[in-house]
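Peer 1: File name coords12.cif; file contents mmCIF, C-alpha atoms; full text below.
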data_data
#
loop_
_atom_site.label_atom_id
_atom_site.label_comp_id
_atom_site.auth_asym_id
_atom_site.auth_seq_id
_atom_site.Cartn_x
_atom_site.Cartn_y
_atom_site.Cartn_z
CA MET Q 1 77.91 37.54 12.35
CA SER Q 2 76.34 34.95 10.13
CA LEU Q 3 77.22 31.74 11.93
CA GLY Q 4 75.16 29.66 9.54
CA ARG Q 5 77.42 30.38 6.59
CA PHE Q 6 80.56 29.52 8.53
CA GLN Q 7 79.03 26.30 9.75
CA SER Q 8 78.11 25.20 6.26
CA ARG Q 9 81.64 26.12 5.13
CA PHE Q 10 83.09 23.98 7.90
CA LEU Q 11 80.83 21.08 7.10
CA THR Q 12 81.83 21.25 3.41
CA VAL Q 13 85.48 21.24 4.39
CA ALA Q 14 84.88 18.45 6.87
CA ARG Q 15 82.99 16.23 4.46
CA ARG Q 16 85.72 16.62 1.87
CA LEU Q 17 88.51 15.88 4.32
CA CYS Q 18 86.95 13.18 6.46
CA ASN Q 19 86.48 10.78 3.62
CA LYS Q 20 90.10 9.89 4.19
CA SER Q 21 90.91 6.58 5.82
CA GLY Q 22 91.49 6.22 9.51
CA ASN Q 23 91.16 3.40 11.99
CA SER Q 24 87.73 2.28 10.84
CA ALA Q 25 87.10 0.23 13.98
CA VAL Q 26 87.08 3.29 16.21
CA PRO Q 27 84.54 5.95 15.18
CA ARG Q 28 85.79 9.49 14.75
CA PHE Q 29 84.24 12.86 15.38
CA LEU Q 30 81.82 12.93 12.45
CA ASP Q 31 80.43 9.46 13.14
CA ARG Q 32 76.68 9.80 13.61
CA HIS Q 33 76.60 8.00 16.96
CA VAL Q 34 79.36 10.22 18.30
CA GLN Q 35 77.62 13.29 16.90
CA ALA Q 36 74.29 12.25 18.42
CA LEU Q 37 75.82 11.84 21.88
CA LEU Q 38 77.79 15.08 21.68
CA GLY Q 39 74.78 16.97 20.37
CA GLU Q 40 72.56 15.82 23.20
CA MET Q 41 75.26 16.56 25.78
CA THR Q 42 75.64 20.11 24.49
CA GLY Q 43 72.19 20.97 25.73
CA VAL Q 44 70.01 23.87 24.64
CA ASP Q 45 69.95 26.80 27.02
CA VAL Q 46 67.97 29.38 25.09
CA ASP Q 47 68.93 32.18 27.49
CA LYS Q 48 72.62 31.50 26.95
CA VAL Q 49 72.44 31.03 23.18
CA PHE Q 50 70.44 34.23 22.67
CA SER Q 51 72.17 36.19 25.41
CA PRO Q 52 72.40 39.94 24.71
CA ARG Q 53 75.10 40.90 22.22
CA LYS Q 54 76.13 44.13 20.59
CA GLU Q 55 73.77 44.51 17.65
CA PRO Q 56 72.63 47.38 15.44
CA LEU Q 57 69.89 49.36 17.12
CA ARG Q 58 66.42 48.27 16.19
CA VAL Q 59 62.98 49.48 17.18
CA PRO Q 60 61.63 46.79 19.52
CA ARG Q 61 58.69 44.77 18.26
CA TYR Q 62 55.81 43.82 20.50
CA GLN Q 63 53.35 41.10 19.56
CA LEU Q 64 50.09 40.03 21.11
CA MET Q 65 49.99 36.24 21.12
CA SER Q 66 47.61 33.53 22.15
CA GLU Q 67 48.77 30.56 24.22
CA GLU Q 68 49.25 28.41 21.13
CA GLN Q 69 51.21 31.10 19.30
CA LEU Q 70 53.45 31.56 22.33
CA THR Q 71 54.14 27.83 22.57
CA LYS Q 72 54.92 27.72 18.85
CA ALA Q 73 57.23 30.74 19.19
CA GLU Q 74 59.10 29.03 22.02
CA GLU Q 75 59.49 25.86 19.96
CA ASP Q 76 60.77 27.90 17.00
CA THR Q 77 63.29 29.56 19.32
CA ILE Q 78 64.60 26.18 20.40
CA GLU Q 79 64.93 25.15 16.75
CA ARG Q 80 66.85 28.33 15.96
CA ALA Q 81 69.06 27.74 18.98
CA LYS Q 82 69.81 24.19 17.82
CA LYS Q 83 70.94 25.54 14.45
CA LEU Q 84 73.38 27.87 16.17
CA LEU Q 85 74.66 24.99 18.30
CA ARG Q 86 75.86 22.89 15.37
CA MET Q 87 79.41 21.80 16.05
CA PRO Q 88 82.37 22.85 13.91
CA PRO Q 89 84.31 19.75 12.78
CA VAL Q 90 87.34 18.32 14.55
CA LEU Q 91 89.98 17.42 11.98
CA ASP Q 92 93.59 16.32 11.86
CA GLN Q 93 96.10 19.02 11.10
CA ARG Q 94 96.58 19.55 7.37
CA LYS Q 95 99.86 18.39 5.89
CA GLU Q 96 102.18 21.05 4.51
CA ILE Q 97 102.29 21.39 0.71
CA GLY Q 98 105.75 21.76 -0.72
CA GLU Q 99 105.51 20.47 -4.25
CA ILE Q 100 108.02 22.09 -6.59
CA LEU Q 101 106.59 22.34 -10.09
CA GLU Q 102 109.66 23.63 -11.89
CA ASP Q 103 113.22 24.55 -10.94
CA ASP Q 104 114.47 26.90 -13.65
CA GLN Q 105 117.89 28.11 -12.59
CA LEU Q 106 118.19 30.27 -15.69
CA LEU Q 107 115.45 32.44 -14.18
CA ASP Q 108 117.47 33.18 -11.07
CA GLY Q 109 117.34 36.95 -10.60
CA HIS Q 110 114.37 37.53 -12.91
CA ASP Q 111 112.92 39.99 -10.40
CA LYS Q 112 114.89 43.17 -9.75
CA ASP Q 113 113.30 43.65 -6.30
CA GLU Q 114 114.11 40.03 -5.37
CA ALA Q 115 110.46 39.48 -4.54
CA LYS Q 116 108.37 36.42 -5.20
CA LEU Q 117 105.48 36.42 -7.64
CA VAL Q 118 102.33 34.82 -6.26
CA PHE Q 119 99.84 33.69 -8.90
CA THR Q 120 96.27 33.06 -7.76
CA ASP Q 121 93.53 31.63 -9.94
CA ILE Q 122 90.48 33.80 -9.25
CA SER Q 123 88.05 31.79 -11.38
CA LEU Q 124 84.69 32.02 -9.71
CA ASP Q 125 83.55 28.41 -9.97
CA VAL Q 126 86.45 27.04 -7.93
CA HIS Q 127 86.33 26.28 -4.21
CA ASN Q 128 88.89 28.11 -2.06
CA ARG Q 129 90.42 24.78 -1.13
CA ASP Q 130 90.94 23.76 -4.77
CA ARG Q 131 92.12 27.13 -5.98
CA LYS Q 132 95.46 26.94 -7.83
CA ILE Q 133 97.97 29.19 -6.09
CA VAL Q 134 101.60 28.99 -7.19
CA VAL Q 135 104.66 31.00 -6.27
CA ARG Q 136 107.61 31.88 -8.53
CA GLU Q 137 110.52 32.55 -6.20
CA ALA Q 138 113.21 35.11 -7.02
CA ASN Q 139 115.64 32.26 -7.72
CA GLY Q 140 113.42 30.81 -10.44
CA VAL Q 141 111.73 27.97 -8.55
CA LEU Q 142 108.02 27.54 -9.29
CA ARG Q 143 106.23 25.84 -6.40
CA GLN Q 144 102.79 25.36 -4.88
CA ALA Q 145 101.94 27.97 -2.28
CA THR Q 146 102.17 27.01 1.39
CA TRP Q 147 98.99 26.84 3.48
CA GLY Q 148 99.85 30.20 5.07
CA GLU Q 149 100.19 31.81 1.64
CA ARG Q 150 96.97 30.14 0.47
CA ASP Q 151 94.98 31.44 3.44
CA ASN Q 152 96.34 34.91 2.79
CA MET Q 153 95.47 34.91 -0.91
CA ASN Q 154 92.01 33.50 -0.35
CA GLN Q 155 91.35 36.17 2.23
CA ILE Q 156 92.61 38.95 -0.07
CA TYR Q 157 90.58 37.95 -3.12
CA PHE Q 158 87.61 36.22 -1.46
CA PRO Q 159 87.39 37.78 1.98
CA VAL Q 160 85.48 36.13 4.80
CA GLU Q 161 83.68 38.62 7.01
CA GLY Q 162 85.37 38.94 10.38
CA ARG Q 163 88.60 37.29 9.31
CA LYS Q 164 91.82 39.30 9.57
CA LEU Q 165 94.77 39.15 7.18
CA HIS Q 166 97.26 38.94 10.03
CA MET Q 167 96.95 36.57 12.96
CA PRO Q 168 95.14 38.37 15.81
CA ALA Q 169 97.33 39.29 18.79
CA LEU Q 170 94.71 37.45 20.83
CA PHE Q 171 96.40 34.17 19.93
CA LEU Q 172 99.71 35.07 21.58
CA PRO Q 173 100.21 32.98 24.75
CA GLU Q 174 100.33 35.95 27.13
CA ASN Q 175 97.12 37.42 25.70
CA MET Q 176 95.37 34.07 25.79
CA GLN Q 177 96.09 33.83 29.53
CA VAL Q 178 94.48 37.22 30.10
CA VAL Q 179 91.33 36.20 28.26
CA PHE Q 180 91.14 32.85 30.06
CA ALA Q 181 91.50 34.57 33.42
CA GLN Q 182 88.43 36.61 32.48
CA GLY Q 183 86.54 33.40 31.74
CA ARG Q 184 86.03 34.29 28.06
CA HIS Q 185 86.87 30.89 26.65
CA GLU Q 186 83.83 30.91 24.35
CA TYR Q 187 84.95 34.23 22.85
CA MET Q 188 88.45 32.88 22.20
CA LEU Q 189 87.04 29.86 20.38
CA ASP Q 190 84.62 32.01 18.37
CA VAL Q 191 87.52 34.17 17.15
CA ALA Q 192 89.54 31.07 16.28
CA ASN Q 193 86.60 29.63 14.33
CA ILE Q 194 86.26 32.74 12.19
CA GLN Q 195 89.97 33.28 11.70
CA CYS Q 196 91.25 29.85 10.74
CA ASP Q 197 90.17 26.78 8.86
CA PRO Q 198 89.38 23.83 11.14
CA ASP Q 199 92.40 21.82 10.05
CA SER Q 200 94.96 24.61 10.31
CA GLU Q 201 97.75 24.59 12.87
CA ASP Q 202 96.60 27.76 14.65
CA TYR Q 203 92.98 26.63 14.97
CA ILE Q 204 93.99 23.32 16.54
CA LYS Q 205 96.56 24.95 18.80
CA VAL Q 206 94.13 27.61 20.11
CA HIS Q 207 91.41 25.04 20.66
CA HIS Q 208 93.70 22.68 22.54
CA GLU Q 209 95.08 25.52 24.69
CA THR Q 210 91.54 26.57 25.55
CA TYR Q 211 90.47 23.03 26.46
CA GLU Q 212 93.60 22.60 28.60
CA ASP Q 213 92.86 25.81 30.46
CA ILE Q 214 89.26 24.79 31.05
CA GLU Q 215 90.43 21.41 32.31
CA LYS Q 216 92.94 23.11 34.59
CA ARG Q 217 90.32 25.44 36.05
CA GLY Q 218 87.59 22.80 36.03
CA CYS Q 219 85.12 25.26 34.52
CA HIS Q 220 83.64 23.07 31.79
CA ASP Q 221 80.28 24.80 32.29
CA VAL Q 222 81.69 27.81 30.49
CA LEU Q 223 81.20 25.99 27.18
CA TYR Q 224 77.93 24.23 28.09
CA SER Q 225 75.20 25.00 25.56
CA THR Q 226 77.67 26.46 23.06
CA ARG Q 227 78.76 24.95 19.77
CA HIS Q 228 82.24 24.32 21.22
CA TYR Q 229 81.10 21.90 23.92
CA GLY Q 230 81.16 18.87 21.63
CA GLY Q 231 84.72 19.56 20.54
CA MET Q 232 85.90 19.92 24.12
CA VAL Q 233 84.21 16.71 25.26
CA TYR Q 234 85.62 14.82 22.27
CA TYR Q 235 89.14 16.11 23.04
CA LEU Q 236 88.94 15.02 26.68
CA VAL Q 237 87.35 11.65 25.95
CA LYS Q 238 89.97 10.90 23.28
CA GLN Q 239 92.69 11.39 25.89
CA GLN Q 240 90.64 9.57 28.56
CA ARG Q 241 90.75 12.57 30.88
CA THR Q 242 87.08 12.67 31.76
CA ASP Q 243 87.26 12.72 35.57
CA LYS Q 244 86.86 16.46 36.11
CA LEU Q 245 84.28 16.69 33.32
CA LEU Q 246 82.22 13.89 34.84
CA ILE Q 247 82.26 15.52 38.26
CA ASN Q 248 81.27 18.82 36.66
CA ILE Q 249 78.29 17.16 34.98
CA LEU Q 250 77.20 15.34 38.14
CA ASP Q 251 77.53 18.59 40.08
CA ALA Q 252 75.05 20.16 37.69
CA ASP Q 253 72.73 17.22 38.30
CA ARG Q 254 72.66 16.15 34.62
CA MET Q 255 72.43 12.39 34.99
CA ASP Q 256 71.50 11.74 31.36
CA ASP Q 257 74.59 13.65 30.21
CA ALA Q 258 76.73 11.60 32.60
CA GLU Q 259 75.39 8.44 30.99
CA ARG Q 260 76.04 9.86 27.51
CA LEU Q 261 79.60 10.73 28.48
CA ILE Q 262 80.24 7.18 29.67
CA ARG Q 263 78.68 5.80 26.51
CA LEU Q 264 80.96 8.03 24.45
CA CYS Q 265 84.02 6.84 26.39
CA HIS Q 266 83.11 3.25 25.66
CA LEU Q 267 82.40 4.06 22.02
CA LEU Q 268 85.76 5.71 21.44
CA HIS Q 269 87.75 3.25 23.58
CA PRO Q 270 85.94 -0.06 23.03
CA ASN Q 271 88.89 -2.26 23.98
CA THR Q 272 89.32 -1.05 27.56
CA ASP Q 273 88.35 -3.34 30.47
CA VAL Q 274 85.54 -1.06 31.56
CA ALA Q 275 83.96 -0.95 28.13
CA ILE Q 276 84.10 -4.72 27.69
CA LYS Q 277 82.65 -5.45 31.15
CA CYS Q 278 79.86 -2.91 30.79
CA LYS Q 279 78.94 -4.34 27.42
CA GLN Q 280 78.88 -7.86 28.83
CA LYS Q 281 76.56 -6.85 31.63
CA ALA Q 282 74.52 -4.80 29.12
CA VAL Q 283 73.82 -2.03 31.64
CA SER Q 284 72.29 1.27 30.76
CA GLY Q 285 71.14 4.47 32.43
CA ILE Q 286 72.36 5.36 35.90
CA ASP Q 287 73.54 1.78 36.43
CA LEU Q 288 76.00 2.24 33.58
CA VAL Q 289 77.43 5.35 35.20
CA GLU Q 290 77.65 3.65 38.57
CA MET Q 291 79.36 0.58 37.13
CA HIS Q 292 81.86 2.71 35.24
CA LEU Q 293 82.64 4.71 38.37
CA ARG Q 294 83.11 1.60 40.50
CA LEU Q 295 85.42 0.05 37.91
CA GLN Q 296 87.39 3.08 36.79
CA GLY Q 297 85.92 6.51 37.39
CA PRO Q 298 86.88 9.03 40.07
CA GLN Q 299 85.97 7.70 43.50
CA LYS Q 300 84.75 11.12 44.60
CA ALA Q 301 81.96 10.88 42.06
CA LEU Q 302 80.48 7.86 43.84
CA LYS Q 303 79.27 10.17 46.61
CA TYR Q 304 76.57 11.43 44.22
CA PHE Q 305 75.18 7.93 44.02
CA GLU Q 306 75.24 7.54 47.77
CA GLU Q 307 73.24 10.78 48.01
CA LEU Q 308 70.88 9.54 45.35
CA ASP Q 309 70.36 6.29 47.25
CA LYS Q 310 69.70 8.24 50.44
CA ARG Q 311 67.16 10.39 48.63
CA THR Q 312 65.35 7.42 47.14
CA GLU Q 313 65.36 5.69 50.52
CA GLY Q 314 63.97 8.89 52.01
CA ILE Q 315 61.16 8.92 49.46
CA GLU Q 316 60.33 5.26 49.87
CA SER Q 317 60.34 5.31 53.68
CA GLN N 1 101.25 32.66 -38.49
CA THR N 2 102.73 36.19 -38.61
CA ARG N 3 99.22 37.65 -38.81
CA ALA N 4 98.56 36.55 -35.25
CA PHE N 5 101.00 39.13 -33.92
CA ASN N 6 99.00 41.96 -35.42
CA MET N 7 95.85 40.66 -33.83
CA VAL N 8 93.47 43.44 -32.93
CA ILE N 9 92.43 42.04 -29.56
CA ARG N 10 95.07 41.83 -26.86
CA ILE N 11 95.45 40.74 -23.27
CA ARG N 12 97.29 43.65 -21.76
CA LEU N 13 97.96 45.67 -18.63
CA ALA N 14 95.76 48.68 -17.88
CA LEU N 15 97.41 51.05 -15.41
CA HIS N 16 95.31 52.07 -12.45
CA GLY N 17 96.36 52.96 -8.93
CA CYS N 18 97.59 56.37 -7.82
CA LYS N 19 100.59 58.62 -8.19
CA ASN N 20 103.76 56.70 -7.31
CA ARG N 21 101.58 53.67 -6.66
CA PRO N 22 100.99 51.69 -9.85
CA PHE N 23 98.46 48.84 -9.98
CA TYR N 24 97.60 46.99 -13.16
CA HIS N 25 94.40 45.34 -14.29
CA ILE N 26 94.98 42.48 -16.74
CA VAL N 27 92.43 43.20 -19.38
CA VAL N 28 91.20 41.88 -22.75
CA ALA N 29 90.78 44.86 -25.05
CA ASN N 30 90.92 46.08 -28.60
CA ARG N 31 94.36 47.50 -29.45
CA LYS N 32 92.82 50.74 -30.60
CA TRP N 33 90.98 51.46 -27.37
CA LYS N 34 92.54 53.59 -24.67
CA ARG N 35 94.93 51.84 -22.34
CA ASP N 36 92.72 52.35 -19.29
CA GLY N 37 89.44 52.65 -21.12
CA LYS N 38 86.93 50.33 -22.69
CA HIS N 39 87.69 46.62 -22.57
CA PHE N 40 85.88 43.34 -23.16
CA GLU N 41 86.56 42.02 -19.69
CA GLN N 42 89.05 42.12 -16.87
CA VAL N 43 90.82 38.82 -16.40
CA GLY N 44 93.06 39.60 -13.49
CA SER N 45 95.31 42.04 -11.72
CA TYR N 46 99.00 42.61 -11.11
CA ASP N 47 100.51 44.53 -8.23
CA PRO N 48 104.11 45.47 -9.11
CA MET N 49 104.96 46.73 -5.64
CA PRO N 50 106.10 44.02 -3.21
CA ASN N 51 104.07 43.76 0.00
CA GLU N 52 105.42 43.23 3.50
CA ARG N 53 106.04 39.55 2.76
CA LYS N 54 108.06 40.54 -0.35
CA GLU N 55 105.35 39.17 -2.62
CA LYS N 56 104.07 40.64 -5.85
CA LEU N 57 100.49 39.52 -6.26
CA VAL N 58 99.09 38.39 -9.59
CA ALA N 59 95.47 37.34 -9.84
CA LEU N 60 94.39 35.47 -12.98
CA LYS N 61 90.98 34.28 -14.10
CA LEU N 62 92.41 31.13 -15.62
CA ASP N 63 89.22 29.87 -17.21
CA ARG N 64 88.69 33.14 -19.09
CA ILE N 65 92.38 33.57 -20.02
CA LYS N 66 92.44 30.07 -21.46
CA TYR N 67 89.33 30.87 -23.46
CA TRP N 68 90.78 34.04 -24.97
CA LEU N 69 94.13 32.39 -25.72
CA ALA N 70 92.31 29.52 -27.37
CA VAL N 71 90.38 31.96 -29.58
CA GLY N 72 93.72 33.42 -30.68
CA VAL N 73 94.04 36.61 -28.67
CA GLN N 74 97.67 37.68 -28.19
CA PRO N 75 99.03 38.79 -24.84
CA THR N 76 101.35 41.79 -24.81
CA THR N 77 104.93 41.27 -23.70
CA PRO N 78 104.45 42.15 -20.01
CA VAL N 79 101.42 39.89 -19.79
CA ALA N 80 103.20 37.12 -21.68
CA LYS N 81 106.09 37.39 -19.23
CA LEU N 82 103.72 37.11 -16.28
CA LEU N 83 101.92 34.14 -17.76
CA GLY N 84 105.29 32.53 -18.47
CA LEU N 85 106.52 33.00 -14.93
CA GLY N 86 103.22 31.67 -13.63
CA GLY N 87 103.49 28.47 -15.62
CA ILE N 88 100.52 29.06 -17.93
CA LEU N 89 102.56 29.81 -21.04
CA PRO N 90 106.19 28.88 -21.71
CA VAL N 91 108.66 31.24 -20.05
CA HIS N 92 109.19 34.31 -22.20
CA PRO N 93 112.71 34.72 -23.64
CA ARG N 94 112.75 38.25 -22.23
CA SER N 95 112.49 36.84 -18.72
CA TYR N 96 115.59 34.72 -19.29
CA LEU N 97 117.38 37.73 -20.76
CA GLU N 98 116.47 40.04 -17.88
CA ALA N 99 117.41 37.40 -15.35
CA LYS N 100 120.81 37.01 -16.97
CA ARG N 101 121.35 40.77 -17.03
CA HIS N 102 120.38 41.15 -13.38
CA ARG N 103 122.73 38.35 -12.37
CA GLU N 104 125.59 39.93 -14.30
CA ALA N 105 124.86 43.37 -12.85
CA LYS N 106 124.81 41.93 -9.36
CA GLN N 107 128.05 40.07 -9.99
CA LYS N 108 129.68 43.25 -11.27
CA GLU N 109 128.45 45.17 -8.22
CA LEU N 110 129.96 42.55 -5.94
CA GLU N 111 133.27 42.70 -7.76
CA ASP N 112 133.28 46.51 -7.59
CA THR N 113 132.74 46.54 -3.82
CA VAL N 114 135.44 43.94 -3.34
CA GLN N 115 137.83 45.93 -5.49
CA SER N 116 137.09 49.22 -3.71
CA LYS N 117 137.77 47.57 -0.34
CA ALA N 118 141.02 46.13 -1.65
CA GLU N 119 142.28 49.57 -2.73
CA PRO N 120 144.35 51.39 -0.07
CA ALA N 121 142.51 54.16 1.83
CA PRO N 122 143.43 57.74 0.73
CA THR N 123 146.20 59.18 2.94
CA GLU N 124 145.45 62.25 5.03
CA VAL N 125 147.36 65.42 4.52
#
Spell out the structure here as C-alpha cells.

Peer 2:
Amino acid sequence: MSLGRFQSRFLTVARRLCNKSGNSAVPRFLDRHVQALLGEMTGVDVDKVFSPRKEPLRVPRYQLMSEEQLTKAEEDTIERAKKLLRMPPVLDQRKEIGEILEDDQLLDGHDKDEAKLVFTDISLDVHNRDRKIVVREANGVLRQATWGERDNMNQIYFPVEGRKLHMPALFLPENMQVVFAQGRHEYMLDVANIQCDPDSEDYIKVHHETYEDIEKRGCHDVLYSTRHYGGMVYYLVKQQRTDKLLINILDADRMDDAERLIRLCHLLHPNTDVAIKCKQKAVSGIDLVEMHLRLQGPQKALKYFEELDKRTEGIES
Amino acid sequence: QTRAFNMVIRIRLALHGCKNRPFYHIVVANRKWKRDGKHFEQVGSYDPMPNERKEKLVALKLDRIKYWLAVGVQPTTPVAKLLGLGGILPVHPRSYLEAKRHREAKQKELEDTVQSKAEPAPTEV
C-alpha cells in the first residue's frame, strides 16, 4: 500500500480546493499554524507506525552497525514515520454537479435498450478532477456526470490500487458498529481514505461516524500516532467538544499536547471569553492549560494539576 | 468537398470482445486494413452492452480525436453517431431518425396492448 502516493494525491486535491474563500479571520485546517499544532500533537510512536502488517515474505536482513550508524538509522526511521503520519486534508463536502448541456427532445428514444451513454475523456494529460465526463440520457438530455458517476468512470479507466468500484459493505451502519466494537477505528479510516476522495459525501460521513464513536467510547488513544489523529482533533475542536480529549491527553501525561490543544481551541475560536482572557494575560505552557481549565474546561481535569502541585511540593520539601 | 467522404483514413469501430459479448475499440485506421487489424492508434472504446447501472460506456481520447478530425480524417457512421451523441460533433441525422422510429414503434406497441385488452376474451366451449 503506497501511502505516499495517496497523500500527494490528497494534497493536490486539497490545494486546488482550499483556495476557495472562507471566513478568513478564522484559520482552517490547512493553515500552517493549525497544521503545526496538529502535527506535533499527533506524536511519533515508531512502534505503532511500523507495527507488523501482512507483507510479502522477505528474507530477513541483518546488519552489523556501529553506535553512530545505529543512531542514524533510528533518526531515519523517525523521518520515515513522519512521512507516513502526514494528515489527509479536511475539506467541505463537494457540491453536486447537475449542469445540463443540451436538452434535445428529438433524441428521445435514441437508444433501443433505454440505457444512458456515458462519455469519458481519457486524454492522458488531464487530471481526474478536470476530466470531462458527460452523460447522454435515453430521453436525449446531455448533462455533466454526477460525482458518483465521475468516481466510477475514473476508477474504471484510471484505477487506484485498493479502491473498489462498489462501496464496501464495511460502510454500512451495522458493519461499522462491529468494527468499532473491535476497536479497529484506524482500519475503518484507512479504508475510507483509499476508497473515497476527501471531499466526497461517504468519506466525510465515515470519518464523522468514526470520530463520534471514539468520542462516545473515550478511546482517543486509538488514533494517537496515526495520520488520522489531526483530523479527529480538528473535528472535536471545531465543535468545542474537547473535554474528553483533554482528559485523555492528561491521563497519558502529555502536558505539551494539552497546551497545544488549548492553543488550537483559542486559534479556531478566538472570540470566546476564554481565548480573549488568556491572550490578555499572555500565559503559556502549563499555566495556559490551568487557566483554561479554571475558566472553562472540565473540572475533573483540575485534579491533575493538584497532583502536579503535590509532586512539586514533594520534590521541593 | 465530396472527396473527403472517400478519405482513405477513417475513425472506426474495431470489434473485439468474445462470442455474444461485443466490445469495440475506436480506432484510426486505413480503410483497406482489416477491421480488427493494423491501425494508426486507438482513440477510445465503446461498450454496447449496458452495465448494471444501465450505462453504455464510451471512452474517447479527445485530444487525439480532435487532431485527426482537424487533419481531415472521416469518422464512419457509428463513430459519427457516438461523437454526435457525446457533443463533440453535431448530432448525426441517423440518430434523430432512429429515435423517431423507436418512439413510433413504442407508441404502436402501446396501442396494440391497449387494443388487445379492449377486445373481449375468447369464450370457452

Peer 1: On this file, the PyMOL selection byres ((chain Q) within 10 of (chain N)) gives some set of residues; write that set as a ChimeraX atom specification.

Peer 2: /Q:101-102,104-125,132-143,149,153,157

Peer 1: I need the residue set behind the PyMOL selection byres ((chain Q and resi 46-60) around 12) for this file; please write it as a ChimeraX atom specification.

Peer 2: /Q:1,42-45,61-63,74-86,186-187,221-227

Peer 1: Take the PyMOL selection byres ((chain N and resi 15) around 10), run it mentally on this structure, and tell me the resulting residues as a PyMOL selection string.

Peer 2: chain N and resi 12-14+16-18+22-26+35-37+45-46

Peer 1: How would the residues just picked look written out with C-alpha atoms as a short mmCIF file (atom, residue, chain, number, x, y, z; two decimals), in the frame of the given file?

Peer 2:
data_model
loop_
_atom_site.label_atom_id
_atom_site.label_comp_id
_atom_site.auth_asym_id
_atom_site.auth_seq_id
_atom_site.Cartn_x
_atom_site.Cartn_y
_atom_site.Cartn_z
CA ARG N 12 97.29 43.65 -21.76
CA LEU N 13 97.96 45.67 -18.63
CA ALA N 14 95.76 48.68 -17.88
CA HIS N 16 95.31 52.07 -12.45
CA GLY N 17 96.36 52.96 -8.93
CA CYS N 18 97.59 56.37 -7.82
CA PRO N 22 100.99 51.69 -9.85
CA PHE N 23 98.46 48.84 -9.98
CA TYR N 24 97.60 46.99 -13.16
CA HIS N 25 94.40 45.34 -14.29
CA ILE N 26 94.98 42.48 -16.74
CA ARG N 35 94.93 51.84 -22.34
CA ASP N 36 92.72 52.35 -19.29
CA GLY N 37 89.44 52.65 -21.12
CA SER N 45 95.31 42.04 -11.72
CA TYR N 46 99.00 42.61 -11.11
#

Peer 1: Can you tell me which residues surround segment 281-284 of chain Q at a distance of at most 12 Å, considering only C-alpha atoms, apart from same-chain residues fewer than 5 positions away, and format the answer as a ChimeraX atom specification?

Peer 2: /Q:255-256,258-260,262-263,274-276,289-292

Peer 1: When you draw a straight line from atom CA of Leu288 of chain Q to atom CA of Ile249 of chain Q, how long is it in Å?

Peer 2: 15.2 Å

Peer 1: Just the number, please: distance in Å from atom CA of Asp273 of chain Q to atom CA of Gln296 of chain Q, one decimal.

Peer 2: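 Straight-line distance from atom CA of Asp273 of chain Q to atom CA of Gln296 of chain Q works out to 9.1 Å.
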
Peer 1: For the atom pair atom CA of Lys164 of chain Q and atom CA of Asn193 of chain Q, what is the interatomic distance in Å to one decimal place?

Peer 2: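 Between atom CA of Lys164 of chain Q and atom CA of Asn193 of chain Q the gap works out to 12.0 Å.
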